Amino acid sequence: MKLLFDCDGTILDSMHIWTEPINRIFEKYNFSLESLTKEEKGEIEALPLGGMCDYIAENLATDMTSDEVREYFNEIIEEGYRSSLMPKDGTLAKLEELHEAGFQMAIASSTDSMYLKLAFERLNIGKYFDFFTTPDLTNARKSDKEFWQYAIDEFGVSPSEIMLFDDALYAVKAANTAGIMTCGVKDFPYNENEWDDIVDNANFVMDTIADINIEDL
(Lines give C-alpha, C1' and ligand atoms only; values in the text may rest on other atoms or scores of the structure.)
Protein backbone atom coordinates (compact mmCIF):
# COMPACT_ATOMS: atom_id res chain seq x y z
CA MET A 1 0.00 0.00 0.00
CA LYS A 2 1.26 3.46 -0.97
CA LEU A 3 0.48 6.20 1.56
CA LEU A 4 -0.68 9.69 0.60
CA PHE A 5 -0.96 12.32 3.33
CA ASP A 6 -2.69 15.65 3.52
CA CYS A 7 -0.60 18.14 5.48
CA ASP A 8 -2.68 20.87 7.13
CA GLY A 9 -4.79 19.41 9.90
CA THR A 10 -3.44 15.90 9.27
CA ILE A 11 0.33 16.13 9.73
CA LEU A 12 0.68 19.72 10.90
CA ASP A 13 -1.48 21.41 13.52
CA SER A 14 -1.85 24.31 11.13
CA MET A 15 -5.47 24.99 10.27
CA HIS A 16 -5.50 28.07 12.50
CA ILE A 17 -2.84 29.72 10.35
CA TRP A 18 -5.46 29.74 7.58
CA THR A 19 -8.77 30.06 9.40
CA GLU A 20 -7.85 32.95 11.70
CA PRO A 21 -6.79 35.42 8.96
CA ILE A 22 -9.64 34.19 6.74
CA ASN A 23 -12.15 34.80 9.53
CA ARG A 24 -10.74 38.27 10.18
CA ILE A 25 -11.14 39.35 6.58
CA PHE A 26 -14.52 37.60 6.30
CA GLU A 27 -15.81 39.35 9.43
CA LYS A 28 -14.81 42.73 8.00
CA TYR A 29 -17.32 42.07 5.22
CA ASN A 30 -19.95 40.46 7.46
CA PHE A 31 -19.21 36.87 6.43
CA SER A 32 -17.86 33.88 8.35
CA LEU A 33 -16.52 30.43 7.48
CA GLU A 34 -19.22 28.93 9.69
CA SER A 35 -21.94 30.49 7.52
CA LEU A 36 -20.73 28.71 4.40
CA THR A 37 -22.29 25.51 3.14
CA LYS A 38 -20.10 22.39 3.08
CA GLU A 39 -19.83 22.76 -0.69
CA GLU A 40 -18.73 26.42 -0.45
CA LYS A 41 -16.25 25.60 2.31
CA GLY A 42 -14.85 22.75 0.24
CA GLU A 43 -14.53 25.04 -2.80
CA ILE A 44 -12.42 27.51 -0.81
CA GLU A 45 -10.34 24.82 0.90
CA ALA A 46 -9.45 23.30 -2.47
CA LEU A 47 -7.98 26.57 -3.71
CA PRO A 48 -4.25 27.32 -3.54
CA LEU A 49 -3.32 30.58 -1.83
CA GLY A 50 -3.40 32.58 -5.07
CA GLY A 51 -6.80 31.18 -6.01
CA MET A 52 -8.18 31.85 -2.55
CA CYS A 53 -6.99 35.47 -2.76
CA ASP A 54 -8.67 35.83 -6.16
CA TYR A 55 -11.89 34.36 -4.74
CA ILE A 56 -11.90 36.71 -1.75
CA ALA A 57 -11.14 39.79 -3.87
CA GLU A 58 -13.85 38.91 -6.41
CA ASN A 59 -16.57 37.77 -4.01
CA LEU A 60 -16.01 39.42 -0.62
CA ALA A 61 -13.34 42.11 -0.32
CA THR A 62 -14.35 43.90 -3.48
CA ASP A 63 -12.50 47.06 -2.38
CA MET A 64 -9.20 45.12 -2.39
CA THR A 65 -7.23 43.74 -5.32
CA SER A 66 -6.12 40.12 -5.39
CA ASP A 67 -2.53 41.29 -4.85
CA GLU A 68 -3.58 43.24 -1.75
CA VAL A 69 -5.35 40.20 -0.35
CA ARG A 70 -2.28 38.08 -1.16
CA GLU A 71 -0.04 40.53 0.70
CA TYR A 72 -2.38 40.31 3.69
CA PHE A 73 -2.04 36.52 3.84
CA ASN A 74 1.50 35.95 2.62
CA GLU A 75 3.45 37.25 5.60
CA ILE A 76 1.29 35.33 8.09
CA ILE A 77 1.38 32.08 6.11
CA GLU A 78 5.07 32.07 5.21
CA GLU A 79 6.20 32.96 8.72
CA GLY A 80 4.01 30.25 10.21
CA TYR A 81 5.44 27.46 8.07
CA ARG A 82 8.99 28.76 8.38
CA SER A 83 9.05 29.29 12.13
CA SER A 84 6.18 28.11 14.28
CA LEU A 85 3.79 25.45 12.97
CA MET A 86 4.22 22.13 14.72
CA PRO A 87 3.20 18.54 13.93
CA LYS A 88 0.19 17.00 15.60
CA ASP A 89 0.87 14.78 18.61
CA GLY A 90 2.49 11.46 17.71
CA THR A 91 2.89 12.33 14.04
CA LEU A 92 6.68 12.41 13.84
CA ALA A 93 7.09 9.05 15.57
CA LYS A 94 4.49 7.45 13.29
CA LEU A 95 6.08 8.83 10.11
CA GLU A 96 9.44 7.49 11.24
CA GLU A 97 7.88 4.10 11.97
CA LEU A 98 6.23 3.96 8.54
CA HIS A 99 9.45 5.05 6.85
CA GLU A 100 11.50 2.42 8.67
CA ALA A 101 8.91 -0.19 7.67
CA GLY A 102 9.54 0.66 4.02
CA PHE A 103 6.26 2.35 3.07
CA GLN A 104 6.42 4.74 0.12
CA MET A 105 4.82 8.01 1.19
CA ALA A 106 3.89 11.29 -0.49
CA ILE A 107 2.01 14.52 0.21
CA ALA A 108 -1.32 15.66 -1.26
CA SER A 109 -2.04 19.21 -0.14
CA SER A 110 -3.86 22.29 -1.36
CA THR A 111 -1.03 24.35 0.13
CA ASP A 112 1.74 25.17 -2.35
CA SER A 113 4.91 23.13 -1.93
CA MET A 114 7.08 26.18 -1.19
CA TYR A 115 5.32 26.66 2.16
CA LEU A 116 5.24 22.99 3.08
CA LYS A 117 8.96 22.61 2.38
CA LEU A 118 9.73 25.41 4.83
CA ALA A 119 8.06 23.46 7.64
CA PHE A 120 9.32 20.06 6.52
CA GLU A 121 12.92 21.27 6.42
CA ARG A 122 12.63 22.79 9.89
CA LEU A 123 11.06 19.61 11.29
CA ASN A 124 13.38 17.30 9.30
CA ILE A 125 10.52 15.27 7.83
CA GLY A 126 10.97 15.95 4.12
CA LYS A 127 13.06 12.77 3.91
CA TYR A 128 9.95 10.66 4.52
CA PHE A 129 8.14 11.74 1.35
CA ASP A 130 9.01 10.81 -2.23
CA PHE A 131 7.04 13.64 -3.86
CA PHE A 132 4.57 16.46 -3.33
CA THR A 133 1.17 16.69 -5.00
CA THR A 134 0.26 20.38 -4.70
CA PRO A 135 -1.46 22.97 -6.90
CA ASP A 136 1.79 24.66 -7.93
CA LEU A 137 3.22 21.34 -9.17
CA THR A 138 0.09 19.83 -10.72
CA ASN A 139 -1.55 22.97 -12.13
CA ALA A 140 -4.76 21.59 -10.65
CA ARG A 141 -6.86 22.06 -7.54
CA LYS A 142 -7.20 19.31 -4.97
CA SER A 143 -10.82 18.90 -6.01
CA ASP A 144 -9.80 18.17 -9.63
CA LYS A 145 -9.30 14.66 -11.02
CA GLU A 146 -6.00 15.78 -12.59
CA PHE A 147 -4.61 16.47 -9.12
CA TRP A 148 -5.17 12.89 -8.01
CA GLN A 149 -4.02 11.45 -11.33
CA TYR A 150 -0.69 13.17 -10.77
CA ALA A 151 -0.23 11.23 -7.50
CA ILE A 152 -1.40 7.98 -9.10
CA ASP A 153 1.10 8.42 -11.94
CA GLU A 154 3.94 9.28 -9.57
CA PHE A 155 3.30 6.19 -7.47
CA GLY A 156 2.94 4.09 -10.61
CA VAL A 157 0.28 1.80 -9.16
CA SER A 158 -3.46 1.39 -9.47
CA PRO A 159 -5.52 3.85 -7.39
CA SER A 160 -6.82 1.06 -5.16
CA GLU A 161 -3.24 0.53 -3.96
CA ILE A 162 -3.07 4.06 -2.55
CA MET A 163 -4.45 5.17 0.83
CA LEU A 164 -5.12 8.87 1.45
CA PHE A 165 -5.19 10.25 4.99
CA ASP A 166 -7.06 13.57 5.00
CA ASP A 167 -9.21 15.72 7.28
CA ALA A 168 -11.27 17.44 4.56
CA LEU A 169 -14.58 16.13 3.26
CA TYR A 170 -14.09 17.50 -0.27
CA ALA A 171 -10.69 15.78 -0.52
CA VAL A 172 -12.07 12.44 0.65
CA LYS A 173 -14.83 12.67 -1.95
CA ALA A 174 -12.46 13.67 -4.76
CA ALA A 175 -9.96 10.92 -3.94
CA ASN A 176 -12.76 8.36 -3.77
CA THR A 177 -13.91 9.43 -7.23
CA ALA A 178 -10.35 8.81 -8.47
CA GLY A 179 -10.48 5.29 -7.01
CA ILE A 180 -8.06 6.01 -4.15
CA MET A 181 -8.75 4.44 -0.75
CA THR A 182 -9.45 7.06 1.93
CA CYS A 183 -9.07 7.42 5.67
CA GLY A 184 -10.74 10.44 7.26
CA VAL A 185 -8.80 12.07 10.08
CA LYS A 186 -10.30 14.15 12.89
CA ASP A 187 -9.18 17.74 13.26
CA PHE A 188 -11.72 19.17 15.67
CA PRO A 189 -13.03 21.82 15.83
CA TYR A 190 -12.07 22.57 12.22
CA ASN A 191 -13.79 19.58 10.61
CA GLU A 192 -16.29 18.83 13.36
CA ASN A 193 -19.29 19.99 11.32
CA GLU A 194 -18.21 17.74 8.44
CA TRP A 195 -17.26 14.71 10.50
CA ASP A 196 -20.46 12.71 10.06
CA ASP A 197 -20.18 13.16 6.29
CA ILE A 198 -16.51 12.19 6.38
CA VAL A 199 -17.45 9.02 8.25
CA ASP A 200 -20.08 8.26 5.61
CA ASN A 201 -17.74 8.86 2.66
CA ALA A 202 -14.32 7.60 3.77
CA ASN A 203 -13.33 3.94 3.68
CA PHE A 204 -11.90 4.29 7.19
CA VAL A 205 -11.63 6.96 9.87
CA MET A 206 -9.28 7.64 12.78
CA ASP A 207 -8.64 10.29 15.39
CA THR A 208 -5.05 10.93 14.29
CA ILE A 209 -2.49 9.38 11.98
CA ALA A 210 -0.59 8.40 15.10
CA ASP A 211 -3.26 5.67 15.34
CA ILE A 212 -2.15 4.00 12.08
CA ASN A 213 -1.51 0.31 12.64
CA ILE A 214 1.12 -0.94 10.21
CA GLU A 215 -0.30 -4.44 10.34
CA ASP A 216 -3.61 -3.15 8.96
CA LEU A 217 -2.06 -1.56 5.87
# chains A, B, ... in the order shown; residues from 1 in each chain; ligands from 1

call {"tool": "residues_around", "arguments": {"residues": "Ile77 of chain A", "least_positions_apart": "4", "cutoff": "7 Å", "atoms": "only C-alpha atoms", "output": "VMD selection string"}}
result
chain A and resid 17 73 81

call {"tool": "closest_atom_pairs", "arguments": {"of": "segment 8-82 of chain A", "to": "segment 165-173 of chain A", "cutoff": "9 Å", "atoms": "only C-alpha atoms", "output": "Markdown table"}}
result
| residue | atom | partner | partner_atom | distance |
| --- | --- | --- | --- | --- |
| A:Asp8 | CA | A:Asp167 | CA | 8.3 |
| A:Gly9 | CA | A:Asp167 | CA | 6.3 |
| A:Thr10 | CA | A:Asp166 | CA | 6.1 |
| A:Lys38 | CA | A:Leu169 | CA | 8.3 |
| A:Glu39 | CA | A:Tyr170 | CA | 7.8 |
| A:Lys41 | CA | A:Tyr170 | CA | 8.8 |
| A:Gly42 | CA | A:Tyr170 | CA | 5.3 |
| A:Glu43 | CA | A:Tyr170 | CA | 8.0 |
| A:Glu45 | CA | A:Ala168 | CA | 8.3 |
| A:Ala46 | CA | A:Tyr170 | CA | 7.7 |

call {"tool": "residues_around", "arguments": {"residues": "segment 151-158 of chain A", "least_positions_apart": "5", "cutoff": "10 Å", "atoms": "only C-alpha atoms", "output": "list of chain:residue names"}}
result
A:Met1, A:Lys2, A:Leu3, A:Leu4, A:Gln104, A:Met105, A:Ala106, A:Ile107, A:Ala108, A:Asp130, A:Phe131, A:Phe132, A:Thr133, A:Thr134, A:Thr138, A:Glu146, A:Ala178, A:Gly179, A:Ile180

call {"tool": "select_by_dssp", "arguments": {"residues": "chain A", "states": "strand (DSSP E)", "output": "list in words"}}
result
Lys2, Leu3, Leu4, Phe5, Met105, Ala106, Ile107, Ala108, Phe132, Thr133, Ile162, Met163, Leu164, Phe165, Asp166, Met181, Thr182, Cys183, Gly184, Val185, Phe204, Val205 and Met206 of chain A

call {"tool": "closest_residue", "arguments": {"among": "A:Tyr72, A:Glu58, A:Thr182, A:Pro189", "to": "Asp13 of chain A", "atoms": "only C-alpha atoms"}}
result
A:Pro189

call {"tool": "closest_residue", "arguments": {"among": "A:Glu161, A:Asp6, A:Asp207, A:Glu215", "to": "Asp187 of chain A", "atoms": "only C-alpha atoms"}}
result
A:Asp207

call {"tool": "closest_residue", "arguments": {"among": "A:Leu85, A:Leu36, A:Ala210, A:Leu137", "to": "Ser109 of chain A", "atoms": "only C-alpha atoms"}}
result
A:Leu137

call {"tool": "select_by_dssp", "arguments": {"residues": "segment 3-173 of chain A", "states": "helix (DSSP H, G or I)", "output": "PyMOL selection string"}}
result
chain A and resi 15-28+33-35+38-45+49-59+66-84+91-100+113-123+126-128+135-138+145-155+159-161+169-173

call {"tool": "closest_residue", "arguments": {"among": "A:Asn213, A:Asn74, A:Thr62, A:Thr177", "to": "Asn201 of chain A", "atoms": "only C-alpha atoms"}}
result
A:Thr177

call {"tool": "residues_around", "arguments": {"residues": "Ala119 of chain A", "least_positions_apart": "5", "cutoff": "12 Å", "atoms": "only C-alpha atoms", "output": "tab-separated table (two decimals) with N, CA, C and O atoms, in the first residue's frame"}}
result
chain	number	residue	atom	x	y	z
A	7	CYS	N	-1.52	17.52	4.50
A	7	CYS	CA	-0.60	18.14	5.48
A	7	CYS	C	-1.35	18.92	6.55
A	7	CYS	O	-1.31	18.57	7.72
A	8	ASP	N	-2.05	19.98	6.15
A	8	ASP	CA	-2.68	20.87	7.13
A	8	ASP	C	-3.86	20.20	7.81
A	8	ASP	O	-4.83	19.80	7.17
A	11	ILE	N	-1.03	16.23	9.21
A	11	ILE	CA	0.33	16.13	9.73
A	11	ILE	C	0.64	17.32	10.64
A	11	ILE	O	1.09	17.15	11.78
A	12	LEU	N	0.41	18.52	10.13
A	12	LEU	CA	0.68	19.72	10.90
A	12	LEU	C	-0.57	20.24	11.59
A	12	LEU	O	-1.67	20.18	11.03
A	13	ASP	N	-0.39	20.74	12.81
A	13	ASP	CA	-1.48	21.41	13.52
A	13	ASP	C	-1.49	22.85	13.02
A	13	ASP	O	-1.00	23.76	13.68
A	14	SER	N	-2.06	23.04	11.84
A	14	SER	CA	-1.85	24.31	11.13
A	14	SER	C	-3.12	24.97	10.62
A	14	SER	O	-3.03	26.03	9.98
A	77	ILE	N	1.25	33.48	6.53
A	77	ILE	CA	1.38	32.08	6.11
A	77	ILE	C	2.85	31.67	6.05
A	77	ILE	O	3.25	30.64	6.62
A	78	GLU	N	3.66	32.46	5.37
A	78	GLU	CA	5.07	32.07	5.21
A	78	GLU	C	5.78	32.00	6.55
A	78	GLU	O	6.54	31.06	6.81
A	79	GLU	N	5.55	32.96	7.41
A	79	GLU	CA	6.20	32.96	8.72
A	79	GLU	C	5.77	31.77	9.55
A	79	GLU	O	6.57	31.16	10.27
A	80	GLY	N	4.51	31.39	9.46
A	80	GLY	CA	4.01	30.25	10.21
A	80	GLY	C	4.71	28.95	9.82
A	80	GLY	O	5.17	28.20	10.67
A	81	TYR	N	4.79	28.69	8.52
A	81	TYR	CA	5.44	27.46	8.07
A	81	TYR	C	6.95	27.49	8.33
A	81	TYR	O	7.54	26.48	8.68
A	82	ARG	N	7.54	28.66	8.20
A	82	ARG	CA	8.99	28.76	8.38
A	82	ARG	C	9.40	28.61	9.85
A	82	ARG	O	10.44	28.02	10.15
A	83	SER	N	8.55	29.11	10.77
A	83	SER	CA	9.05	29.29	12.13
A	83	SER	C	8.26	28.62	13.24
A	83	SER	O	8.84	28.29	14.28
A	84	SER	N	6.95	28.44	13.08
A	84	SER	CA	6.18	28.11	14.28
A	84	SER	C	5.26	26.90	14.20
A	84	SER	O	4.97	26.30	15.24
A	85	LEU	N	4.76	26.55	13.03
A	85	LEU	CA	3.79	25.45	12.97
A	85	LEU	C	4.43	24.14	13.39
A	85	LEU	O	5.56	23.83	13.01
A	86	MET	N	3.69	23.37	14.16
A	86	MET	CA	4.22	22.13	14.72
A	86	MET	C	3.37	20.94	14.28
A	86	MET	O	2.19	21.08	13.96
A	87	PRO	N	3.96	19.74	14.29
A	87	PRO	CA	3.20	18.54	13.93
A	87	PRO	C	2.19	18.18	15.02
A	87	PRO	O	2.36	18.56	16.18
A	111	THR	N	-2.02	23.31	-0.15
A	111	THR	CA	-1.03	24.35	0.13
A	111	THR	C	0.16	24.18	-0.81
A	111	THR	O	0.67	23.07	-0.98
A	112	ASP	N	0.63	25.26	-1.42
A	112	ASP	CA	1.74	25.17	-2.35
A	112	ASP	C	2.98	24.59	-1.68
A	112	ASP	O	3.24	24.83	-0.50
A	113	SER	N	3.76	23.86	-2.46
A	113	SER	CA	4.91	23.13	-1.93
A	113	SER	C	5.94	24.05	-1.28
A	113	SER	O	6.64	23.64	-0.35
A	114	MET	N	6.07	25.29	-1.75
A	114	MET	CA	7.08	26.18	-1.19
A	114	MET	C	6.86	26.42	0.30
A	114	MET	O	7.83	26.53	1.06
A	124	ASN	N	12.59	18.43	9.80
A	124	ASN	CA	13.38	17.30	9.30
A	124	ASN	C	12.51	16.11	8.93
A	124	ASN	O	12.83	14.96	9.24
A	125	ILE	N	11.41	16.36	8.25
A	125	ILE	CA	10.52	15.27	7.83
A	125	ILE	C	10.39	15.15	6.32
A	125	ILE	O	9.73	14.24	5.82
A	126	GLY	N	11.04	16.04	5.58
A	126	GLY	CA	10.97	15.95	4.12
A	126	GLY	C	11.50	14.63	3.60
A	126	GLY	O	11.06	14.13	2.55

call {"tool": "closest_residue", "arguments": {"among": "A:Tyr115, A:Pro21, A:Val69, A:Met163", "to": "Phe103 of chain A", "atoms": "only C-alpha atoms"}}
result
A:Met163

call {"tool": "residues_around", "arguments": {"residues": "Leu60 of chain A", "least_positions_apart": "5", "cutoff": "9 Å", "atoms": "only C-alpha atoms", "output": "PyMOL selection string"}}
result
chain A and resi 25-26+29+31+55

call {"tool": "atom_distance", "arguments": {"atom1": "atom CA of Arg70 of chain A", "atom2": "atom CA of Lys117 of chain A"}}
result
19.4 Å

call {"tool": "closest_residue", "arguments": {"among": "A:Glu75, A:Thr65, A:Arg122, A:Tyr128", "to": "Ala101 of chain A", "atoms": "only C-alpha atoms"}}
result
A:Tyr128
